[in-house]
Amino acid sequence: RATLRARKESRPSNRPYAGLAQVCQQIRDEFRPIYLLNQEIGVDLIETVKYLRYFYPEGKKEEKERRQGNITIAVPGEVQEEEKRQGIDLWPLLDMWANSMRIEGGFGRYLSPNYAPGEDGECKDLYRLFGRRVLPDRSCTRMNRIWRTYLRESHLAEVRIYREIAEVKIPFIHILFKPEFALEWMVRQESVVPAGFLDEIGFSHMEYFDVKVGVVDASVKED
């Protein structure tokens, strides 16, 4: 697969760690995180949440904080039917990424001989979900502090990606806050976003996606 992340130099095989992870429960718990961190895993966009539920099941807060991994989300060129119906909620990925010991994440494409990462506005926009903007040399800016706070303090309920939907022609990212963290102007699922807000959280000047913001349960904010 192709990725926007610059490749590191080749490294030794991680198979020894995989073998140790199959010995006993204690050794598996110790070496499995090492294997997951050093072994870059490619996951199809639509299968992301299923992958997380299988390899990173719900657990105690202390267990979540020790989690490690290296995941590249492959964005297929063709939009699947499941996406068209309800989009894809990537909040579980962002929540785990922001609140684990070390989860490295990125977006890319299935390998193509003519792939030009610098021209891939869709994948570059998706990196904004990690709080960073991709620069022309494929490096990234530092993480947006406000967005980092939203992720680490779990202010959000959903971050849903709509690459294609019947009644909407422009792809968009829909950021939905939990009612208890919604700002005053967030009165419905698609609220009127005040000037400057998208810039503050790192989502201004997008190349591919529009951005919508609101509260997951509008009735909580309305009289």
# chains A, B, ... in the order shown; residues from 1 in each chain; ligands from 1
>>> residues_around(residues="Pro92 (chain A)", least_positions_apart="2", cutoff="9 Å", atoms="only C-alpha atoms", output="list in words")
Thr48, Val49, Leu52, Asp89, Leu90, Leu94, Asp95, Met96, Trp97, Glu158 and Val159 of chain A
>>> write_last_selection(atoms="N, CA, C and O atoms", output="compact mmCIF listing (two decimals), in the first residue's frame")
# COMPACT_ATOMS: atom_id res chain seq x y z
N THR A 48 -11.80 -0.51 9.87
CA THR A 48 -10.98 0.02 10.96
C THR A 48 -11.55 -0.29 12.34
O THR A 48 -10.85 -0.80 13.22
N VAL A 49 -12.82 0.00 12.55
CA VAL A 49 -13.42 -0.20 13.87
C VAL A 49 -13.45 -1.69 14.23
O VAL A 49 -13.20 -2.06 15.38
N LEU A 52 -10.01 -2.65 15.47
CA LEU A 52 -9.74 -2.15 16.81
C LEU A 52 -10.45 -2.98 17.87
O LEU A 52 -9.89 -3.28 18.92
N ASP A 89 -17.69 6.13 11.12
CA ASP A 89 -17.36 6.82 12.36
C ASP A 89 -15.95 6.42 12.81
O ASP A 89 -15.72 5.28 13.20
N LEU A 90 -15.02 7.37 12.76
CA LEU A 90 -13.64 7.11 13.15
C LEU A 90 -13.33 7.56 14.57
O LEU A 90 -12.16 7.56 14.98
N LEU A 94 -9.74 7.49 16.85
CA LEU A 94 -9.14 8.71 17.39
C LEU A 94 -9.06 8.66 18.91
O LEU A 94 -8.08 9.11 19.51
N ASP A 95 -10.08 8.11 19.53
CA ASP A 95 -10.10 8.00 20.99
C ASP A 95 -8.97 7.10 21.47
O ASP A 95 -8.23 7.43 22.40
N MET A 96 -8.80 5.95 20.82
CA MET A 96 -7.73 5.04 21.20
C MET A 96 -6.37 5.65 20.92
O MET A 96 -5.45 5.58 21.73
N TRP A 97 -6.23 6.27 19.75
CA TRP A 97 -4.95 6.88 19.36
C TRP A 97 -4.52 7.96 20.35
O TRP A 97 -3.35 8.03 20.75
N GLU A 158 -18.92 11.48 18.02
CA GLU A 158 -18.68 10.86 16.72
C GLU A 158 -17.81 11.78 15.87
O GLU A 158 -17.88 13.00 16.01
N VAL A 159 -17.02 11.17 15.01
CA VAL A 159 -16.31 11.90 13.95
C VAL A 159 -16.54 11.06 12.70
O VAL A 159 -15.81 10.11 12.43
>>> residues_around(residues="Leu198 (chain A)", least_positions_apart="4", cutoff="12 Å", atoms="only C-alpha atoms", output="number ranges by chain")
A: 128, 131, 144, 146-147, 173, 175, 192-194, 202-206, 210-213
>>> write_last_selection(atoms="N, CA and C atoms", output="mmCIF file, in the first residue's frame")
data_model
loop_
_atom_site.group_PDB
_atom_site.id
_atom_site.type_symbol
_atom_site.label_atom_id
_atom_site.label_comp_id
_atom_site.auth_asym_id
_atom_site.auth_seq_id
_atom_site.Cartn_x
_atom_site.Cartn_y
_atom_site.Cartn_z
ATOM 1 N N ARG A 128 -5.908 15.615 9.255
ATOM 2 C CA ARG A 128 -6.356 16.642 10.205
ATOM 3 C C ARG A 128 -7.021 15.989 11.415
ATOM 4 N N GLY A 131 -4.944 15.859 14.191
ATOM 5 C CA GLY A 131 -4.531 17.164 14.685
ATOM 6 C C GLY A 131 -3.374 17.785 13.939
ATOM 7 N N ASN A 144 -2.488 20.200 16.791
ATOM 8 C CA ASN A 144 -3.318 21.312 17.236
ATOM 9 C C ASN A 144 -3.720 21.096 18.693
ATOM 10 N N ILE A 146 -5.971 22.553 20.741
ATOM 11 C CA ILE A 146 -7.398 22.502 21.082
ATOM 12 C C ILE A 146 -7.988 21.162 20.662
ATOM 13 N N TRP A 147 -7.660 20.721 19.451
ATOM 14 C CA TRP A 147 -8.161 19.426 18.979
ATOM 15 C C TRP A 147 -7.636 18.294 19.863
ATOM 16 N N ILE A 173 -16.710 15.856 6.577
ATOM 17 C CA ILE A 173 -16.411 15.266 7.879
ATOM 18 C C ILE A 173 -17.380 15.889 8.871
ATOM 19 N N ILE A 175 -18.266 16.381 12.701
ATOM 20 C CA ILE A 175 -17.764 16.318 14.072
ATOM 21 C C ILE A 175 -18.924 16.575 15.022
ATOM 22 N N VAL A 192 -24.610 26.174 12.849
ATOM 23 C CA VAL A 192 -23.910 27.227 12.113
ATOM 24 C C VAL A 192 -22.577 27.468 12.809
ATOM 25 N N VAL A 193 -21.490 27.177 12.110
ATOM 26 C CA VAL A 193 -20.158 27.268 12.708
ATOM 27 C C VAL A 193 -19.676 28.717 12.665
ATOM 28 N N PRO A 194 -19.339 29.305 13.804
ATOM 29 C CA PRO A 194 -18.878 30.698 13.813
ATOM 30 C C PRO A 194 -17.530 30.860 13.128
ATOM 31 N N GLY A 202 -7.949 23.422 13.701
ATOM 32 C CA GLY A 202 -7.084 22.833 12.684
ATOM 33 C C GLY A 202 -7.778 22.270 11.462
ATOM 34 N N PHE A 203 -9.006 22.738 11.167
ATOM 35 C CA PHE A 203 -9.742 22.193 10.029
ATOM 36 C C PHE A 203 -10.091 23.256 8.984
ATOM 37 N N SER A 204 -9.331 24.318 8.916
ATOM 38 C CA SER A 204 -9.580 25.336 7.894
ATOM 39 C C SER A 204 -8.784 25.011 6.632
ATOM 40 N N HIS A 205 -9.198 25.601 5.508
ATOM 41 C CA HIS A 205 -8.506 25.441 4.230
ATOM 42 C C HIS A 205 -8.316 23.970 3.850
ATOM 43 N N MET A 206 -9.390 23.210 3.952
ATOM 44 C CA MET A 206 -9.357 21.808 3.548
ATOM 45 C C MET A 206 -9.310 21.709 2.025
ATOM 46 N N ASP A 210 -15.521 19.047 3.109
ATOM 47 C CA ASP A 210 -16.172 20.101 3.872
ATOM 48 C C ASP A 210 -16.203 19.623 5.323
ATOM 49 N N VAL A 211 -16.441 20.521 6.273
ATOM 50 C CA VAL A 211 -16.485 20.141 7.685
ATOM 51 C C VAL A 211 -17.764 20.679 8.314
ATOM 52 N N LYS A 212 -18.518 19.787 8.962
ATOM 53 C CA LYS A 212 -19.730 20.168 9.673
ATOM 54 C C LYS A 212 -19.540 19.854 11.153
ATOM 55 N N VAL A 213 -20.133 20.692 12.005
ATOM 56 C CA VAL A 213 -19.952 20.541 13.448
ATOM 57 C C VAL A 213 -21.301 20.684 14.137
#
>>> select_by_dssp(residues="region 45-89 of chain A", states="helix (DSSP H, G or I)", output="list in words")
Leu45, Ile46, Glu47, Thr48, Val49, Lys50, Tyr51, Leu52, Arg53, Tyr54, Phe55, Lys61, Glu62, Glu63, Lys64, Glu65, Glu81, Glu82, Glu83, Lys84, Arg85 and Gln86 of chain A
>>> write_last_selection(atoms="N, CA, C and O atoms", output="mmCIF file, in the first residue's frame")
data_model
loop_
_atom_site.group_PDB
_atom_site.id
_atom_site.type_symbol
_atom_site.label_atom_id
_atom_site.label_comp_id
_atom_site.auth_asym_id
_atom_site.auth_seq_id
_atom_site.Cartn_x
_atom_site.Cartn_y
_atom_site.Cartn_z
ATOM 1 N N LEU A 45 -10.208 1.193 5.290
ATOM 2 C CA LEU A 45 -10.955 2.233 5.994
ATOM 3 C C LEU A 45 -12.238 1.708 6.623
ATOM 4 O O LEU A 45 -12.530 1.976 7.791
ATOM 5 N N ILE A 46 -12.988 0.936 5.876
ATOM 6 C CA ILE A 46 -14.291 0.485 6.358
ATOM 7 C C ILE A 46 -14.168 -0.611 7.421
ATOM 8 O O ILE A 46 -15.121 -0.898 8.148
ATOM 9 N N GLU A 47 -12.981 -1.223 7.543
ATOM 10 C CA GLU A 47 -12.770 -2.293 8.520
ATOM 11 C C GLU A 47 -12.052 -1.800 9.777
ATOM 12 O O GLU A 47 -11.754 -2.592 10.668
ATOM 13 N N THR A 48 -11.798 -0.514 9.868
ATOM 14 C CA THR A 48 -10.982 0.020 10.959
ATOM 15 C C THR A 48 -11.547 -0.292 12.339
ATOM 16 O O THR A 48 -10.846 -0.795 13.224
ATOM 17 N N VAL A 49 -12.820 0.000 12.550
ATOM 18 C CA VAL A 49 -13.415 -0.201 13.871
ATOM 19 C C VAL A 49 -13.446 -1.686 14.232
ATOM 20 O O VAL A 49 -13.196 -2.065 15.382
ATOM 21 N N LYS A 50 -13.721 -2.549 13.259
ATOM 22 C CA LYS A 50 -13.720 -3.991 13.520
ATOM 23 C C LYS A 50 -12.331 -4.450 13.963
ATOM 24 O O LYS A 50 -12.193 -5.270 14.873
ATOM 25 N N TYR A 51 -11.303 -3.929 13.302
ATOM 26 C CA TYR A 51 -9.931 -4.284 13.668
ATOM 27 C C TYR A 51 -9.630 -3.859 15.105
ATOM 28 O O TYR A 51 -9.058 -4.625 15.891
ATOM 29 N N LEU A 52 -10.014 -2.649 15.467
ATOM 30 C CA LEU A 52 -9.738 -2.147 16.808
ATOM 31 C C LEU A 52 -10.452 -2.977 17.868
ATOM 32 O O LEU A 52 -9.889 -3.280 18.923
ATOM 33 N N ARG A 53 -11.686 -3.348 17.605
ATOM 34 C CA ARG A 53 -12.447 -4.128 18.581
ATOM 35 C C ARG A 53 -11.836 -5.504 18.799
ATOM 36 O O ARG A 53 -11.915 -6.057 19.897
ATOM 37 N N TYR A 54 -11.210 -6.047 17.756
ATOM 38 C CA TYR A 54 -10.622 -7.384 17.871
ATOM 39 C C TYR A 54 -9.260 -7.340 18.554
ATOM 40 O O TYR A 54 -8.984 -8.131 19.462
ATOM 41 N N PHE A 55 -8.385 -6.428 18.124
ATOM 42 C CA PHE A 55 -7.024 -6.392 18.651
ATOM 43 C C PHE A 55 -6.867 -5.493 19.875
ATOM 44 O O PHE A 55 -5.899 -5.623 20.620
ATOM 45 N N LYS A 61 -8.990 1.371 32.281
ATOM 46 C CA LYS A 61 -8.296 2.578 31.852
ATOM 47 C C LYS A 61 -6.786 2.350 31.820
ATOM 48 O O LYS A 61 -6.098 2.783 30.899
ATOM 49 N N GLU A 62 -6.254 1.633 32.821
ATOM 50 C CA GLU A 62 -4.821 1.386 32.879
ATOM 51 C C GLU A 62 -4.354 0.553 31.684
ATOM 52 O O GLU A 62 -3.263 0.751 31.153
ATOM 53 N N GLU A 63 -5.197 -0.397 31.247
ATOM 54 C CA GLU A 63 -4.846 -1.235 30.102
ATOM 55 C C GLU A 63 -4.833 -0.415 28.818
ATOM 56 O O GLU A 63 -3.964 -0.582 27.962
ATOM 57 N N LYS A 64 -5.785 0.494 28.678
ATOM 58 C CA LYS A 64 -5.843 1.341 27.492
ATOM 59 C C LYS A 64 -4.601 2.219 27.391
ATOM 60 O O LYS A 64 -4.056 2.429 26.310
ATOM 61 N N GLU A 65 -4.151 2.741 28.529
ATOM 62 C CA GLU A 65 -3.007 3.646 28.527
ATOM 63 C C GLU A 65 -1.702 2.947 28.156
ATOM 64 O O GLU A 65 -0.731 3.596 27.792
ATOM 65 N N GLU A 81 -20.880 0.523 -0.480
ATOM 66 C CA GLU A 81 -22.291 0.782 -0.201
ATOM 67 C C GLU A 81 -22.536 1.117 1.265
ATOM 68 O O GLU A 81 -23.369 1.956 1.594
ATOM 69 N N GLU A 82 -21.830 0.449 2.165
ATOM 70 C CA GLU A 82 -22.005 0.716 3.591
ATOM 71 C C GLU A 82 -21.662 2.161 3.935
ATOM 72 O O GLU A 82 -22.305 2.796 4.770
ATOM 73 N N GLU A 83 -20.632 2.695 3.271
ATOM 74 C CA GLU A 83 -20.256 4.092 3.490
ATOM 75 C C GLU A 83 -21.355 5.034 3.033
ATOM 76 O O GLU A 83 -21.649 6.042 3.682
ATOM 77 N N LYS A 84 -21.967 4.723 1.897
ATOM 78 C CA LYS A 84 -22.981 5.605 1.325
ATOM 79 C C LYS A 84 -24.193 5.732 2.237
ATOM 80 O O LYS A 84 -24.859 6.761 2.271
ATOM 81 N N ARG A 85 -24.482 4.680 2.998
ATOM 82 C CA ARG A 85 -25.662 4.696 3.865
ATOM 83 C C ARG A 85 -25.442 5.510 5.131
ATOM 84 O O ARG A 85 -26.309 6.272 5.546
ATOM 85 N N GLN A 86 -24.297 5.345 5.773
ATOM 86 C CA GLN A 86 -24.118 5.970 7.088
ATOM 87 C C GLN A 86 -22.739 6.567 7.325
ATOM 88 O O GLN A 86 -22.448 7.028 8.430
#
>>> closest_residue(among="A:Phe197, A:Phe177, A:Tyr208, A:Phe107", to="Arg163 (chain A)", atoms="only C-alpha atoms")
A:Tyr208
>>> residues_around(residues="Gly105 (chain A)", least_positions_apart="3", cutoff="9 Å", atoms="only C-alpha atoms", output="PyMOL selection string")
chain A and resi 69-73+97+130
>>> write_last_selection(atoms="C-alpha atoms", output="CSV table (one decimal), in the first residue's frame")
chain,number,residue,atom,x,y,z
A,69,GLY,CA,0.5,0.0,17.7
A,70,ASN,CA,1.3,1.2,14.2
A,71,ILE,CA,-1.7,1.4,11.9
A,72,THR,CA,-2.0,2.8,8.3
A,73,ILE,CA,-5.6,3.2,7.2
A,97,TRP,CA,-4.9,6.9,19.4
A,130,PHE,CA,-4.9,13.4,14.1
>>> closest_residue(among="A:Leu93, A:Cys140, A:Ile103, A:Ala182", to="Arg160 (chain A)", atoms="only C-alpha atoms")
A:Leu93
>>> residues_around(residues="Ser154 (chain A)", least_positions_apart="3", cutoff="10 Å", atoms="only C-alpha atoms", output="list in words")
Trp91, Leu94, Asp95, Ala98, Asn99, Arg148, Thr149, Tyr150, Leu151, Ala157, Phe177, Lys178 and Phe181 of chain A
>>> atom_distance(atom1="CA of Val215 (chain A)", atom2="CA of Val187 (chain A)")
6.6 Å
>>> residues_around(residues="Gly77 (chain A)", least_positions_apart="6", cutoff="12 Å", atoms="only C-alpha atoms", output="list in words")
Asp44, Leu45, Gly108, Arg109, Tyr110, Leu111, Ser112, Tyr115, Asp120, Glu122, Cys123, Arg163 and Glu164 of chain A
>>> atom_distance(atom1="CA of Lys124 (chain A)", atom2="CA of Ser191 (chain A)")
24.9 Å
>>> atom_distance(atom1="CA of Ala116 (chain A)", atom2="CA of Glu78 (chain A)")
17.4 Å
